[in-house]
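**Student:** query-v8.txt is reproduced below (compact mmCIF, C-alpha atoms).
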```txt
# COMPACT_ATOMS: atom_id res chain seq x y z
CA MET A 866 -34.32 57.30 -13.92
CA GLY A 867 -34.52 53.86 -15.53
CA GLU A 868 -34.04 50.60 -13.74
CA ARG A 869 -31.45 51.12 -11.06
CA ALA A 870 -29.96 48.61 -8.70
CA ARG A 871 -31.00 49.03 -5.10
CA ALA A 872 -28.06 49.98 -2.89
CA THR A 873 -26.80 46.97 -0.96
CA ALA A 874 -26.21 49.30 2.00
CA SER A 875 -29.89 50.12 2.41
CA GLY A 876 -32.52 48.81 4.80
CA PRO A 877 -31.77 45.33 6.18
CA GLY A 878 -28.58 45.35 4.12
CA ARG A 879 -27.09 47.59 6.79
CA VAL A 880 -27.63 44.85 9.36
CA LEU A 881 -25.96 42.32 7.07
CA ILE A 882 -22.98 44.64 6.63
CA ALA A 883 -22.76 45.08 10.40
CA VAL A 884 -22.51 41.29 10.80
CA TYR A 885 -19.87 41.15 8.06
CA GLY A 886 -17.98 43.97 9.73
CA ILE A 887 -17.89 42.15 13.05
CA PHE A 888 -16.67 38.96 11.37
CA ALA A 889 -14.06 40.92 9.44
CA LEU A 890 -12.80 42.43 12.66
CA SER A 891 -12.85 39.28 14.78
CA ALA A 892 -11.44 36.91 12.15
CA THR A 893 -8.63 39.28 11.21
CA ALA A 894 -7.74 40.09 14.82
CA ARG A 895 -7.76 36.42 15.77
CA ALA A 896 -5.59 35.42 12.81
CA GLY A 897 -3.22 38.28 13.62
CA VAL A 898 -2.73 37.04 17.17
CA GLN A 899 -2.36 33.42 16.06
CA ILE A 900 0.24 34.27 13.43
CA ALA A 901 2.10 36.64 15.73
CA THR A 902 2.27 34.31 18.72
CA ARG A 903 2.34 30.69 17.55
CA PHE A 904 2.51 30.53 13.78
CA ALA A 905 4.68 27.38 13.74
CA GLU A 906 2.02 25.28 15.51
CA ALA A 907 -0.46 25.30 12.64
CA PRO A 908 0.65 27.50 9.75
CA VAL A 909 -2.02 26.24 7.34
CA ALA A 910 -4.87 26.86 9.76
CA TYR A 911 -3.62 30.30 10.71
CA LEU A 912 -3.04 31.40 7.14
CA LEU A 913 -6.54 30.20 6.37
CA SER A 914 -7.85 32.27 9.27
CA ALA A 915 -6.09 35.29 7.83
CA LEU A 916 -7.50 34.58 4.37
CA ALA A 917 -10.99 34.30 5.83
CA GLY A 918 -10.47 37.62 7.58
CA VAL A 919 -9.45 39.28 4.32
CA VAL A 920 -12.45 37.78 2.52
CA TYR A 921 -14.77 39.20 5.20
CA ILE A 922 -13.11 42.61 4.89
CA VAL A 923 -13.54 42.61 1.09
CA ALA A 924 -17.16 41.47 1.41
CA THR A 925 -17.88 44.20 3.96
CA LEU A 926 -16.38 46.89 1.73
CA GLY A 927 -18.12 45.53 -1.35
CA LEU A 928 -21.52 45.45 0.31
CA ALA A 929 -21.08 48.84 1.94
CA GLY A 930 -19.92 50.48 -1.28
CA ARG A 931 -21.98 51.69 -4.21
CA GLY A 932 -21.75 51.04 -7.89
CA ARG A 933 -20.88 48.16 -10.16
CA THR A 934 -17.33 47.64 -8.97
CA ALA A 935 -18.40 47.34 -5.34
CA ARG A 936 -21.18 44.95 -6.31
CA ARG A 937 -18.80 42.77 -8.32
CA LEU A 938 -16.37 42.81 -5.40
CA ALA A 939 -19.15 41.73 -3.05
CA TRP A 940 -20.28 38.88 -5.35
CA THR A 941 -16.72 37.59 -5.66
CA ALA A 942 -16.01 37.77 -1.94
CA VAL A 943 -19.29 36.17 -0.86
CA ILE A 944 -18.99 33.32 -3.37
CA PHE A 945 -15.39 32.77 -2.27
CA GLU A 946 -16.62 32.77 1.31
CA LEU A 947 -19.27 30.14 0.57
CA VAL A 948 -16.78 27.92 -1.24
CA GLY A 949 -14.32 28.44 1.60
CA VAL A 950 -16.66 27.53 4.41
CA LEU A 951 -17.99 24.49 2.52
CA THR A 952 -14.51 23.24 1.61
CA VAL A 953 -12.91 23.83 4.98
CA GLY A 954 -16.03 22.58 6.71
CA ALA A 955 -16.03 19.33 4.73
CA VAL A 956 -12.29 18.77 5.14
CA THR A 957 -12.41 19.38 8.90
CA VAL A 958 -15.41 17.07 9.37
CA LEU A 959 -13.76 14.25 7.42
CA ASP A 960 -10.23 14.64 8.74
CA SER A 961 -9.24 16.99 11.51
CA GLY A 962 -5.57 16.12 11.15
CA ASP A 963 -4.73 18.90 8.74
CA PHE A 964 -6.31 21.51 10.96
CA PRO A 965 -4.97 21.08 14.46
CA ASP A 966 -6.33 24.46 15.45
CA ASP A 967 -9.68 26.03 14.77
CA THR A 968 -10.37 28.53 12.03
CA VAL A 969 -13.55 30.52 11.48
CA TRP A 970 -14.59 28.02 8.85
CA SER A 971 -13.75 24.79 10.71
CA VAL A 972 -16.65 22.31 10.87
CA PHE A 973 -18.82 24.79 8.93
CA GLY A 974 -18.22 27.50 11.48
CA ARG A 975 -19.29 25.55 14.55
CA GLY A 976 -17.15 27.71 16.82
CA TYR A 977 -19.16 30.73 15.69
CA GLY A 978 -22.66 29.32 15.99
CA PHE A 979 -22.63 28.27 12.31
CA VAL A 980 -23.05 31.91 11.37
CA PRO A 981 -20.15 31.58 8.85
CA LEU A 982 -22.24 28.99 6.98
CA VAL A 983 -25.46 31.01 6.94
CA LEU A 984 -23.85 34.39 6.27
CA PRO A 985 -22.73 33.79 2.65
CA LEU A 986 -26.16 32.37 1.78
CA VAL A 987 -27.85 35.47 3.15
CA GLY A 988 -25.23 37.60 1.39
CA LEU A 989 -25.88 35.92 -1.98
CA TRP A 990 -29.64 36.25 -1.53
CA TRP A 991 -29.28 39.94 -0.69
CA LEU A 992 -27.02 40.64 -3.69
CA TRP A 993 -29.52 38.84 -5.91
CA HIS A 994 -32.47 40.61 -4.32
CA THR A 995 -30.92 44.06 -4.88
CA ARG A 996 -29.52 43.29 -8.33
CA PRO A 997 -29.95 45.75 -11.18
CA ARG A 998 -33.06 44.96 -13.17
CA MET B 1094 -22.19 40.02 34.74
CA VAL B 1095 -23.75 43.47 34.87
CA VAL B 1096 -22.07 44.20 31.55
CA LEU B 1097 -23.51 41.06 29.95
CA ILE B 1098 -27.02 41.92 31.08
CA ALA B 1099 -26.55 45.46 29.76
CA THR B 1100 -25.49 44.25 26.30
CA ALA B 1101 -28.38 41.77 26.22
CA ALA B 1102 -30.83 44.50 27.20
CA LEU B 1103 -29.40 46.77 24.50
CA ALA B 1104 -29.77 44.02 21.91
CA LEU B 1105 -33.42 43.52 22.86
CA PHE B 1106 -34.00 47.28 22.78
CA GLY B 1107 -32.49 47.50 19.29
CA ILE B 1108 -34.57 44.60 18.00
CA GLY B 1109 -37.62 46.21 19.59
CA LEU B 1110 -36.98 49.45 17.71
CA THR B 1111 -36.73 47.60 14.41
CA ILE B 1112 -39.91 45.62 15.05
CA ALA B 1113 -41.71 48.82 16.04
CA GLY B 1114 -40.48 50.38 12.80
CA ARG B 1115 -38.77 53.27 14.55
CA PRO B 1116 -35.59 54.79 13.11
CA PRO B 1117 -32.63 55.24 15.48
CA GLY B 1118 -33.04 58.30 17.66
CA ARG B 1119 -31.92 59.88 20.87
CA GLU B 1120 -33.02 57.03 23.12
CA LEU B 1121 -30.85 54.57 21.20
CA THR B 1122 -27.86 56.90 21.40
CA ILE B 1123 -28.32 57.22 25.17
CA ALA B 1124 -28.72 53.46 25.61
CA VAL B 1125 -25.54 52.78 23.63
CA GLY B 1126 -23.76 55.49 25.64
CA VAL B 1127 -24.67 53.86 28.96
CA VAL B 1128 -23.55 50.39 27.84
CA VAL B 1129 -20.29 51.71 26.35
CA ALA B 1130 -19.61 53.57 29.62
CA LEU B 1131 -20.01 50.28 31.53
CA LEU B 1132 -17.73 48.51 29.05
CA ALA B 1133 -15.15 51.28 29.33
CA VAL B 1134 -15.13 51.03 33.14
CA GLN B 1135 -14.69 47.27 32.86
CA ALA B 1136 -11.87 47.72 30.33
CA VAL B 1137 -10.01 50.25 32.46
CA ILE B 1138 -10.22 48.07 35.58
CA ALA B 1139 -9.18 44.93 33.70
CA ALA B 1140 -6.32 46.67 31.87
CA ALA B 1141 -5.08 48.17 35.14
CA ARG B 1142 -5.02 44.74 36.75
CA VAL B 1143 -3.29 43.14 33.75
CA PHE B 1144 -0.58 45.79 33.74
CA GLY B 1145 -0.52 45.64 37.53
CA GLY B 1146 0.77 42.11 37.44
CA VAL B 1147 -2.11 39.66 36.91
CA THR B 1148 -0.75 37.11 34.44
CA LEU B 1149 -3.06 35.66 31.84
CA PRO B 1150 -2.52 32.75 29.45
CA GLU B 1151 -3.03 35.05 26.45
CA THR B 1152 -2.45 38.64 27.41
CA GLY B 1153 -2.40 39.88 23.82
CA THR B 1154 -5.71 38.26 22.95
CA PHE B 1155 -7.23 39.54 26.18
CA LEU B 1156 -6.23 43.13 25.48
CA ILE B 1157 -7.53 42.95 21.90
CA TYR B 1158 -10.89 41.65 23.11
CA LEU B 1159 -10.89 44.43 25.69
CA GLY B 1160 -10.41 47.04 22.97
CA VAL B 1161 -12.96 45.41 20.68
CA SER B 1162 -15.55 45.24 23.47
CA VAL B 1163 -15.41 49.03 23.86
CA CYS B 1164 -15.07 50.07 20.20
CA VAL B 1165 -17.68 48.01 18.35
CA LEU B 1166 -20.82 49.68 19.69
CA PRO B 1167 -19.83 53.31 18.97
CA ILE B 1168 -18.90 52.35 15.39
CA ALA B 1169 -22.17 50.46 14.98
CA LEU B 1170 -24.12 53.45 16.30
CA GLN B 1171 -22.51 55.63 13.62
CA TRP B 1172 -23.43 53.06 11.00
CA ALA B 1173 -26.97 52.75 12.37
CA SER B 1174 -27.54 56.51 12.53
CA ALA B 1175 -26.08 57.27 9.11
CA ASP B 1176 -29.33 56.10 7.53
CA GLU B 1177 -31.75 58.17 9.55
CA ASN B 1178 -34.93 57.04 7.86
CA SER B 1179 -34.32 53.35 8.28
CA ARG B 1180 -35.96 51.20 10.88
CA TRP B 1181 -33.00 48.81 10.65
CA GLY B 1182 -30.69 50.97 12.75
CA GLY B 1183 -31.92 49.28 15.91
CA ALA B 1184 -31.10 45.85 14.48
CA VAL B 1185 -27.60 47.04 13.55
CA VAL B 1186 -27.02 48.04 17.17
CA ALA B 1187 -28.53 44.73 18.32
CA VAL B 1188 -26.04 42.79 16.19
CA ALA B 1189 -23.18 44.84 17.58
CA ALA B 1190 -24.45 44.29 21.12
CA GLY B 1191 -24.49 40.56 20.45
CA GLY B 1192 -20.93 40.67 19.13
CA THR B 1193 -19.86 42.68 22.15
CA ALA B 1194 -21.50 40.14 24.47
CA VAL B 1195 -19.49 37.36 22.81
CA ALA B 1196 -16.30 39.38 23.31
CA VAL B 1197 -17.18 39.88 26.98
CA LEU B 1198 -17.82 36.15 27.38
CA ARG B 1199 -14.43 35.37 25.86
CA LEU B 1200 -12.85 37.93 28.20
CA GLN B 1201 -14.45 36.27 31.20
CA GLY B 1202 -13.29 32.88 29.96
CA LEU B 1203 -9.70 34.07 29.66
CA TRP B 1204 -9.91 35.77 33.04
CA ALA B 1205 -11.28 32.63 34.70
CA ALA B 1206 -8.52 30.54 33.09
CA ALA B 1207 -6.01 32.76 34.86
CA GLY B 1208 -7.73 32.13 38.16
CA GLY B 1209 -8.13 35.85 38.68
```
Show me the file's structure as structure tokens.
**Tutor:**
Amino acid sequence: MGERARATASGPGRVLIAVYGIFALSATARAGVQIATRFAEAPVAYLLSALAGVVYIVATLGLAGRGRTARRLAWTAVIFELVGVLTVGAVTVLDSGDFPDDTVWSVFGRGYGFVPLVLPLVGLWWLWHTRPR
Amino acid sequence: MVVLIATAALALFGIGLTIAGRPPGRELTIAVGVVVALLAVQAVIAAARVFGGVTLPETGTFLIYLGVSVCVLPIALQWASADENSRWGGAVVAVAAGGTAVAVLRLQGLWAAAGG
């Protein structure tokens, strides 16, 4: 059989994917409502919410899928997510003016129990842990 | 309130299954079924009152949360049961129960804001 990568959708990975799935759903739904009902109030924040939602969707699919493409997709999405939450978190802590309304990533995900900050770290660890070797 | 306690109990049950090293089985399916039935009853009553004239600050958001609160657990149960040999199925359901509880809390917040 050789050295195969462990499926990211196995064991505790399934729990991780469930968390990602819930964030994908809630972030996308929230952004959808915000954009549909009051886009003009804070276009940057709402577009960012939508972007975060898409990133969570891609990460969920990447982690749930099998094979090299899915794994690469997952790496990209989770790294993007980490950069996103750190950047948006830092910007919102230093100056809340640009973000009049909350996004998932505002203040490092405070509105979501800081799960958005921890999630990409766990995701990276899991991808590394299950890497092909 | 009953619904919140039910989701919390389900979360604990799921975590318990994972700690005990038991794969998802019939008892988990039944537990999820009971909680989803409670959520569905809550959703039907709330939706009926919204369409019956109770005005909320964010009707759209409220209805989405209502739908999410009912749908998440059945999907999670599918995901948990797909890997029959894994002890982690219980934890998957626990995560979903936690997410559902948050949705229910948000629903109650929106409902309270309307003074209903």
**Student:** For Arg937 of chain A, please output as an NGL selection string all residues within 12 Å (counting all atoms listed in the file; exclusion window: fewer than 6 positions along the same chain).
**Tutor:** :A and (873 or 923-924 or 926-928 or 930-931 or 943-944 or 989 or 992-993 or 996-997)
**Student:** Kindly determine which residues of chain A lie within 7 Å of chain B, considering all atoms listed in the file, and give the answer as number ranges by chain.
**Tutor:** A: 876-877, 879-880, 883-884, 887, 898
**Student:** Give me, please, the distance in Å between atom CA of Val1134 of chain B and atom CA of Gly978 of chain A, quoted to one decimal.
**Tutor:**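 Going from atom CA of Val1134 of chain B over to atom CA of Gly978 of chain A, I get 28.7 Å.
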**Student:** Go ahead and compute the interatomic distance for atom CA of Ala1102 of chain B and atom CA of Ala1140 of chain B, in Å to one decimal.
**Tutor:**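 Calculated distance between atom CA of Ala1102 of chain B and atom CA of Ala1140 of chain B is 25.0 Å.
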**Student:** State, in Å with one decimal place, the distance from atom CA of Ser1162 of chain B to atom CA of Leu1132 of chain B.
**Tutor:**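 Calculated distance between atom CA of Ser1162 of chain B and atom CA of Leu1132 of chain B is 6.8 Å.
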**Student:** Between A:Leu890, A:Ile922, A:Val987, A:Val950, which one has atoms that come closest to Val969 of chain A, using only C-alpha atoms?
**Tutor:**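 So, comparing all the options, the nearest one is A:Val950.
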